[in-house]
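Trainee: Please find final.csv (CSV, N, CA and C atoms) on the next line:
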chain,number,residue,atom,x,y,z
A,1,MET,N,0.8,-1.2,0.0
A,1,MET,CA,0.0,0.0,0.0
A,1,MET,C,0.9,1.3,0.0
A,2,HIS,N,2.0,1.2,0.8
A,2,HIS,CA,2.9,2.4,0.9
A,2,HIS,C,3.4,2.7,-0.5
A,3,GLU,N,3.8,1.7,-1.3
A,3,GLU,CA,4.3,2.0,-2.6
A,3,GLU,C,3.3,2.6,-3.6
A,4,VAL,N,2.1,2.1,-3.4
A,4,VAL,CA,1.0,2.6,-4.3
A,4,VAL,C,0.7,4.1,-4.0
A,5,ILE,N,0.7,4.4,-2.7
A,5,ILE,CA,0.5,5.8,-2.3
A,5,ILE,C,1.7,6.7,-2.8
A,6,ASN,N,2.9,6.2,-2.8
A,6,ASN,CA,4.1,6.9,-3.3
A,6,ASN,C,3.9,7.2,-4.8
A,7,ASP,N,3.4,6.1,-5.5
A,7,ASP,CA,3.2,6.3,-7.0
A,7,ASP,C,2.1,7.3,-7.2
A,8,LEU,N,1.1,7.3,-6.4
A,8,LEU,CA,0.0,8.3,-6.6
A,8,LEU,C,0.5,9.7,-6.3
A,9,VAL,N,1.4,9.9,-5.4
A,9,VAL,CA,1.9,11.2,-5.1
A,9,VAL,C,2.8,11.6,-6.3
A,10,LYS,N,3.6,10.7,-6.8
A,10,LYS,CA,4.4,11.0,-8.0
A,10,LYS,C,3.6,11.5,-9.1
A,11,LEU,N,2.5,10.8,-9.4
A,11,LEU,CA,1.6,11.2,-10.5
A,11,LEU,C,1.0,12.5,-10.2
A,12,SER,N,0.6,12.8,-9.0
A,12,SER,CA,0.0,14.1,-8.6
A,12,SER,C,1.0,15.2,-8.9
A,13,GLU,N,2.3,15.0,-8.5
A,13,GLU,CA,3.3,16.0,-8.6
A,13,GLU,C,3.6,16.2,-10.1
A,14,LEU,N,3.6,15.2,-10.9
A,14,LEU,CA,3.8,15.3,-12.4
A,14,LEU,C,2.7,16.1,-13.0
A,15,LEU,N,1.5,15.9,-12.5
A,15,LEU,CA,0.3,16.7,-13.0
A,15,LEU,C,0.5,18.2,-12.7
A,16,LYS,N,0.9,18.4,-11.5
A,16,LYS,CA,1.1,19.8,-11.0
A,16,LYS,C,2.2,20.5,-11.9
A,17,TYR,N,3.3,19.8,-12.1
A,17,TYR,CA,4.4,20.3,-13.0
A,17,TYR,C,3.8,20.5,-14.4
A,18,GLY,N,3.1,19.4,-14.9
A,18,GLY,CA,2.5,19.5,-16.2
A,18,GLY,C,1.6,20.6,-16.5
A,19,ALA,N,0.9,21.1,-15.4
A,19,ALA,CA,0.0,22.2,-15.6
A,19,ALA,C,0.7,23.5,-16.0
A,20,GLY,N,1.9,23.7,-15.4
A,20,GLY,CA,2.7,24.8,-15.8
A,20,GLY,C,3.2,24.7,-17.3
A,21,TYR,N,3.6,23.4,-17.6
A,21,TYR,CA,4.1,23.2,-19.0
A,21,TYR,C,2.9,23.4,-20.0
A,22,TYR,N,1.7,23.0,-19.6
A,22,TYR,CA,0.5,23.1,-20.4
A,22,TYR,C,0.3,24.6,-20.7
A,23,GLU,N,0.4,25.4,-19.7
A,23,GLU,CA,0.1,26.9,-20.0
A,23,GLU,C,1.1,27.5,-21.0
A,24,MET,N,2.3,27.0,-21.1
A,24,MET,CA,3.3,27.5,-22.0
A,24,MET,C,3.3,26.7,-23.4
A,25,ALA,N,2.6,25.6,-23.4
A,25,ALA,CA,2.6,24.8,-24.6
A,25,ALA,C,1.9,25.4,-25.8
A,26,LYS,N,2.2,24.9,-27.0
A,26,LYS,CA,1.5,25.3,-28.2
A,26,LYS,C,0.2,24.5,-28.3
A,27,SER,N,-0.7,25.0,-29.1
A,27,SER,CA,-2.0,24.4,-29.2
A,27,SER,C,-2.0,22.8,-29.4
A,28,ARG,N,-1.1,22.4,-30.3
A,28,ARG,CA,-1.0,21.0,-30.6
A,28,ARG,C,-0.5,20.2,-29.4
A,29,GLU,N,0.5,20.8,-28.6
A,29,GLU,CA,1.0,20.1,-27.4
A,29,GLU,C,-0.1,20.1,-26.4
A,30,LYS,N,-0.9,21.2,-26.3
A,30,LYS,CA,-2.0,21.2,-25.3
A,30,LYS,C,-3.0,20.1,-25.6
A,31,GLU,N,-3.3,19.9,-26.8
A,31,GLU,CA,-4.2,18.8,-27.2
A,31,GLU,C,-3.7,17.5,-26.8
A,32,GLN,N,-2.4,17.2,-27.1
A,32,GLN,CA,-1.8,16.0,-26.7
A,32,GLN,C,-1.8,15.7,-25.2
A,33,ILE,N,-1.6,16.7,-24.4
A,33,ILE,CA,-1.6,16.6,-23.0
A,33,ILE,C,-3.0,16.2,-22.6
A,34,MET,N,-4.0,16.9,-23.1
A,34,MET,CA,-5.4,16.7,-22.7
A,34,MET,C,-5.8,15.3,-23.1
A,35,ARG,N,-5.4,14.8,-24.3
A,35,ARG,CA,-5.8,13.4,-24.7
A,35,ARG,C,-5.1,12.4,-23.9
A,36,LEU,N,-3.9,12.7,-23.4
A,36,LEU,CA,-3.2,11.8,-22.5
A,36,LEU,C,-3.9,11.5,-21.2
A,37,ILE,N,-4.5,12.6,-20.7
A,37,ILE,CA,-5.2,12.5,-19.4
A,37,ILE,C,-6.7,12.2,-19.5
A,38,PHE,N,-7.3,12.8,-20.5
A,38,PHE,CA,-8.8,12.7,-20.7
A,38,PHE,C,-9.1,12.2,-22.1
A,39,PRO,N,-9.3,10.9,-22.3
A,39,PRO,CA,-9.7,10.4,-23.6
A,39,PRO,C,-11.1,10.8,-24.0
A,40,GLU,N,-11.9,11.2,-23.0
A,40,GLU,CA,-13.3,11.7,-23.3
A,40,GLU,C,-13.4,13.0,-22.6
A,41,LEU,N,-13.6,14.0,-23.4
A,41,LEU,CA,-13.8,15.4,-22.9
A,41,LEU,C,-14.8,16.1,-23.8
A,42,PHE,N,-16.0,16.5,-23.2
A,42,PHE,CA,-17.1,17.1,-23.9
A,42,PHE,C,-17.5,18.3,-23.3
A,43,VAL,N,-17.8,19.4,-24.1
A,43,VAL,CA,-18.4,20.6,-23.6
A,43,VAL,C,-19.7,20.7,-24.2
A,44,SER,N,-20.8,20.9,-23.4
A,44,SER,CA,-22.1,21.1,-23.9
A,44,SER,C,-22.7,22.3,-23.1
A,45,GLY,N,-22.9,23.4,-23.8
A,45,GLY,CA,-23.3,24.6,-23.1
A,45,GLY,C,-22.4,25.1,-22.0
A,46,ASN,N,-22.8,25.1,-20.8
A,46,ASN,CA,-22.0,25.4,-19.6
A,46,ASN,C,-21.5,24.2,-18.9
A,47,THR,N,-21.7,23.0,-19.5
A,47,THR,CA,-21.3,21.7,-18.8
A,47,THR,C,-20.1,21.1,-19.4
A,48,LEU,N,-19.2,20.7,-18.6
A,48,LEU,CA,-18.0,20.0,-19.0
A,48,LEU,C,-18.1,18.5,-18.5
A,49,THR,N,-18.1,17.6,-19.4
A,49,THR,CA,-18.1,16.2,-19.0
A,49,THR,C,-16.8,15.5,-19.4
A,50,TYR,N,-16.2,14.8,-18.5
A,50,TYR,CA,-14.9,14.2,-18.8
A,50,TYR,C,-14.8,12.8,-18.2
A,51,GLN,N,-13.9,12.0,-18.8
A,51,GLN,CA,-13.6,10.7,-18.3
A,51,GLN,C,-12.0,10.6,-18.2
A,52,CYS,N,-11.5,10.3,-17.1
A,52,CYS,CA,-10.0,10.2,-16.9
A,52,CYS,C,-9.5,8.9,-17.5
A,53,LYS,N,-8.2,8.9,-17.8
A,53,LYS,CA,-7.6,7.7,-18.4
A,53,LYS,C,-6.7,7.0,-17.4
A,54,ASN,N,-6.6,5.7,-17.4
A,54,ASN,CA,-5.6,4.9,-16.7
A,54,ASN,C,-5.6,5.3,-15.2
A,55,GLY,N,-4.3,5.6,-14.7
A,55,GLY,CA,-4.1,5.9,-13.3
A,55,GLY,C,-4.7,7.3,-12.9
A,56,PHE,N,-5.0,8.1,-13.8
A,56,PHE,CA,-5.6,9.4,-13.5
A,56,PHE,C,-7.0,9.2,-12.8
A,57,LYS,N,-7.6,8.1,-13.1
A,57,LYS,CA,-8.9,7.8,-12.5
A,57,LYS,C,-8.8,7.7,-11.0
A,58,ALA,N,-7.6,7.3,-10.5
A,58,ALA,CA,-7.4,7.2,-9.0
A,58,ALA,C,-7.5,8.5,-8.4
A,59,LEU,N,-7.0,9.6,-9.1
A,59,LEU,CA,-7.0,10.9,-8.5
A,59,LEU,C,-8.5,11.5,-8.7
A,60,GLN,N,-9.1,11.1,-9.7
A,60,GLN,CA,-10.5,11.5,-9.9
A,60,GLN,C,-11.4,10.9,-8.9
A,61,SER,N,-11.3,9.6,-8.6
A,61,SER,CA,-12.2,8.9,-7.8
A,61,SER,C,-12.0,9.2,-6.3
A,62,ARG,N,-10.9,9.8,-5.9
A,62,ARG,CA,-10.7,10.2,-4.5
A,62,ARG,C,-11.7,11.1,-4.0
A,63,LEU,N,-12.4,11.8,-4.9
A,63,LEU,CA,-13.4,12.8,-4.5
A,63,LEU,C,-14.8,12.2,-4.1
A,64,PHE,N,-15.0,10.9,-4.5
A,64,PHE,CA,-16.3,10.4,-4.4
A,64,PHE,C,-16.6,9.8,-3.0
A,65,PRO,N,-15.8,8.9,-2.5
A,65,PRO,CA,-16.2,8.2,-1.2
A,65,PRO,C,-16.0,9.2,0.0
A,66,VAL,N,-16.9,10.0,0.3
A,66,VAL,CA,-16.8,11.0,1.3
A,66,VAL,C,-16.6,10.4,2.7
A,67,CYS,N,-17.3,9.4,3.0
A,67,CYS,CA,-17.2,8.8,4.3
A,67,CYS,C,-16.4,7.5,4.4
A,68,ASP,N,-16.2,6.8,3.2
A,68,ASP,CA,-15.6,5.5,3.2
A,68,ASP,C,-14.3,5.5,2.5
A,69,HIS,N,-13.2,5.9,3.2
A,69,HIS,CA,-11.9,6.0,2.7
A,69,HIS,C,-11.3,4.6,2.4
A,70,THR,N,-11.8,3.6,3.1
A,70,THR,CA,-11.2,2.3,2.9
A,70,THR,C,-11.6,1.7,1.6
A,71,GLU,N,-12.8,2.1,1.0
A,71,GLU,CA,-13.2,1.7,-0.3
A,71,GLU,C,-12.2,2.3,-1.3
A,72,TRP,N,-11.8,3.6,-1.2
A,72,TRP,CA,-10.9,4.2,-2.1
A,72,TRP,C,-9.5,3.6,-2.1
A,73,PHE,N,-9.1,3.2,-0.9
A,73,PHE,CA,-7.8,2.6,-0.7
A,73,PHE,C,-7.8,1.2,-1.4
A,74,SER,N,-8.8,0.4,-1.3
A,74,SER,CA,-8.9,-0.9,-1.9
A,74,SER,C,-8.9,-0.7,-3.4
A,75,GLU,N,-9.6,0.3,-3.9
A,75,GLU,CA,-9.6,0.5,-5.4
A,75,GLU,C,-8.2,1.0,-5.8
A,76,LEU,N,-7.5,1.7,-5.0
A,76,LEU,CA,-6.2,2.3,-5.3
A,76,LEU,C,-5.2,1.2,-5.5
A,77,VAL,N,-5.2,0.2,-4.7
A,77,VAL,CA,-4.3,-1.0,-4.8
A,77,VAL,C,-4.5,-1.7,-6.1
A,78,GLN,N,-5.7,-1.8,-6.6
A,78,GLN,CA,-6.1,-2.5,-7.8
A,78,GLN,C,-5.6,-1.6,-9.0
A,79,SER,N,-5.4,-0.3,-8.8
A,79,SER,CA,-5.1,0.6,-9.9
A,79,SER,C,-3.6,0.8,-10.0
A,80,ASP,N,-2.8,0.1,-9.2
A,80,ASP,CA,-1.3,0.4,-9.2
A,80,ASP,C,-0.6,0.4,-10.5
A,81,ASN,N,-0.9,-0.7,-11.3
A,81,ASN,CA,-0.3,-0.8,-12.6
A,81,ASN,C,-0.7,0.4,-13.6
A,82,LEU,N,-2.0,0.8,-13.5
A,82,LEU,CA,-2.4,1.9,-14.3
A,82,LEU,C,-1.8,3.2,-13.8
A,83,ILE,N,-1.6,3.4,-12.6
A,83,ILE,CA,-1.0,4.6,-12.0
A,83,ILE,C,0.4,4.7,-12.6
A,84,ARG,N,1.2,3.6,-12.5
A,84,ARG,CA,2.5,3.5,-13.0
A,84,ARG,C,2.6,3.8,-14.5
A,85,LEU,N,1.6,3.3,-15.3
A,85,LEU,CA,1.5,3.5,-16.7
A,85,LEU,C,1.3,5.0,-17.0
A,86,SER,N,0.4,5.6,-16.2
A,86,SER,CA,0.2,7.1,-16.4
A,86,SER,C,1.4,7.9,-16.1
A,87,ILE,N,2.2,7.5,-15.0
A,87,ILE,CA,3.4,8.2,-14.7
A,87,ILE,C,4.4,8.1,-15.9
A,88,LYS,N,4.5,6.9,-16.4
A,88,LYS,CA,5.4,6.7,-17.6
A,88,LYS,C,5.0,7.5,-18.8
A,89,GLU,N,3.7,7.5,-19.1
A,89,GLU,CA,3.2,8.3,-20.2
A,89,GLU,C,3.4,9.8,-20.0
A,90,LEU,N,3.1,10.3,-18.9
A,90,LEU,CA,3.3,11.7,-18.6
A,90,LEU,C,4.8,12.1,-18.6
A,91,ARG,N,5.6,11.3,-18.1
A,91,ARG,CA,7.1,11.6,-18.1
A,91,ARG,C,7.6,11.6,-19.5
A,92,SER,N,7.1,10.8,-20.4
A,92,SER,CA,7.6,10.7,-21.8
A,92,SER,C,7.2,11.9,-22.6
A,93,PHE,N,6.1,12.6,-22.1
A,93,PHE,CA,5.6,13.7,-22.9
A,93,PHE,C,6.1,15.1,-22.3
A,94,ILE,N,6.1,15.2,-21.0
A,94,ILE,CA,6.5,16.5,-20.4
A,94,ILE,C,8.0,16.5,-20.2
A,95,PRO,N,8.7,17.6,-20.5
A,95,PRO,CA,10.2,17.6,-20.4
A,95,PRO,C,10.5,17.6,-18.9
A,96,PRO,N,11.7,17.1,-18.6
A,96,PRO,CA,12.2,17.0,-17.2
A,96,PRO,C,12.2,18.4,-16.5
A,97,ILE,N,12.0,18.4,-15.2
A,97,ILE,CA,12.0,19.7,-14.5
A,97,ILE,C,13.3,20.4,-14.7
A,98,GLY,N,13.2,21.7,-15.0
A,98,GLY,CA,14.4,22.5,-15.2
A,98,GLY,C,14.8,22.6,-16.7
A,99,CYS,N,14.1,21.9,-17.5
A,99,CYS,CA,14.4,21.9,-19.0
A,99,CYS,C,13.5,23.0,-19.6
A,100,HIS,N,14.1,23.9,-20.3
A,100,HIS,CA,13.3,25.0,-20.9
A,100,HIS,C,12.6,24.6,-22.1
A,101,MET,N,11.5,25.0,-22.4
A,101,MET,CA,10.6,24.6,-23.5
A,101,MET,C,11.3,24.8,-24.9
A,102,ASP,N,12.1,25.8,-25.0
A,102,ASP,CA,12.8,26.0,-26.3
A,102,ASP,C,13.8,25.0,-26.6
A,103,THR,N,14.3,24.3,-25.6
A,103,THR,CA,15.3,23.2,-25.9
A,103,THR,C,14.7,21.9,-26.0
A,104,VAL,N,13.4,21.7,-25.9
A,104,VAL,CA,12.7,20.4,-26.0
A,104,VAL,C,12.6,20.0,-27.4
Would you mind writing the file out in structure tokens?
Mentor:
Amino acid sequence: MHEVINDLVKLSELLKYGAGYYEMAKSREKEQIMRLIFPELFVSGNTLTYQCKNGFKALQSRLFPVCDHTEWFSELVQSDNLIRLSIKELRSFIPPIGCHMDTV
């Protein structure tokens, strides 16, 4: 369980770093980042509907079990491979910390 939590923290930190990269990215790069995280993203009027991909679902689902954290933890353990896959995909797209976008 400890290892899964560490992987989830890594994924969360990559997303935080990726948000800054996203702001500076070109339109094509922004679209690639969005598709990496959200394979389904729809806007209808004032409503945004989305579905997260792979390990990103673990971060999305943490908001649902308000009173039952044990349910979220049991689902988290089952998602470990997907979380690691999402870390790998995000790392392959976003440049390493400290790397300037012009050199990527």
Trainee: Calculate how many Å separate atom N of Phe56 of chain A from atom CA of Ile83 of chain A, rounding to one decimal.
Mentor: 5.6 Å
Trainee: Considering only N, CA and C atoms, return as a VMD selection string whatever protein or nucleic-acid residues lie within 7 Å of Gln51 of chain A, sequence-local ones (same chain, fewer than 3 positions apart) excluded.
Mentor: chain A and resid 37 to 42
Trainee: By how many Å are atom CA of Leu36 of chain A and atom CA of Val9 of chain A apart?
Mentor: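 Distance between the two atoms: 18.1 Å.
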Trainee: In Å, with one decimal, what is the gap from atom CA of Arg35 of chain A to atom N of His2 of chain A?
Mentor: 29.3 Å
Trainee: So, counting only C-alpha atoms, which residue among A:Val4, A:Leu82, A:Met24, A:Leu90 is closest to Lys57 of chain A?
Mentor: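 So, comparing all the options, the nearest one is A:Leu82.
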Trainee: From the set A:Glu3, A:Ala19, A:Ser92, A:Ala25, which residue has the shortest atom-to-atom contact distance to Val77 of chain A, counting only C-alpha atoms?
Mentor: A:Glu3
Trainee: Could you work out an axis-aligned bounding box for all listed atoms of segment 54-59 of chain A, with 6 Å added on each of the six sides, and give its centre and edge lengths in Å to one decimal, as lines of an AutoDock Vina configuration file?
Mentor:
center_x = -6.5
center_y = 8.2
center_z = -12.9
size_x = 16.8
size_y = 18.6
size_z = 21.0
Trainee: Give the answer as one residue: which of A:Met1, A:Lys16, A:Ile94, A:Glu89 has the shortest atom-to-atom distance to Gly55 of chain A, using only C-alpha atoms?
Mentor: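 Selected residue with least distance to Gly55 of chain A: A:Glu89.
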Trainee: Give me, as number ranges by chain, the residues of segment 6-96 of chain A that a backbone DSSP run labels alpha helix (DSSP H).
Mentor: A: 6-24, 27-37, 56-61, 69-78, 80-93
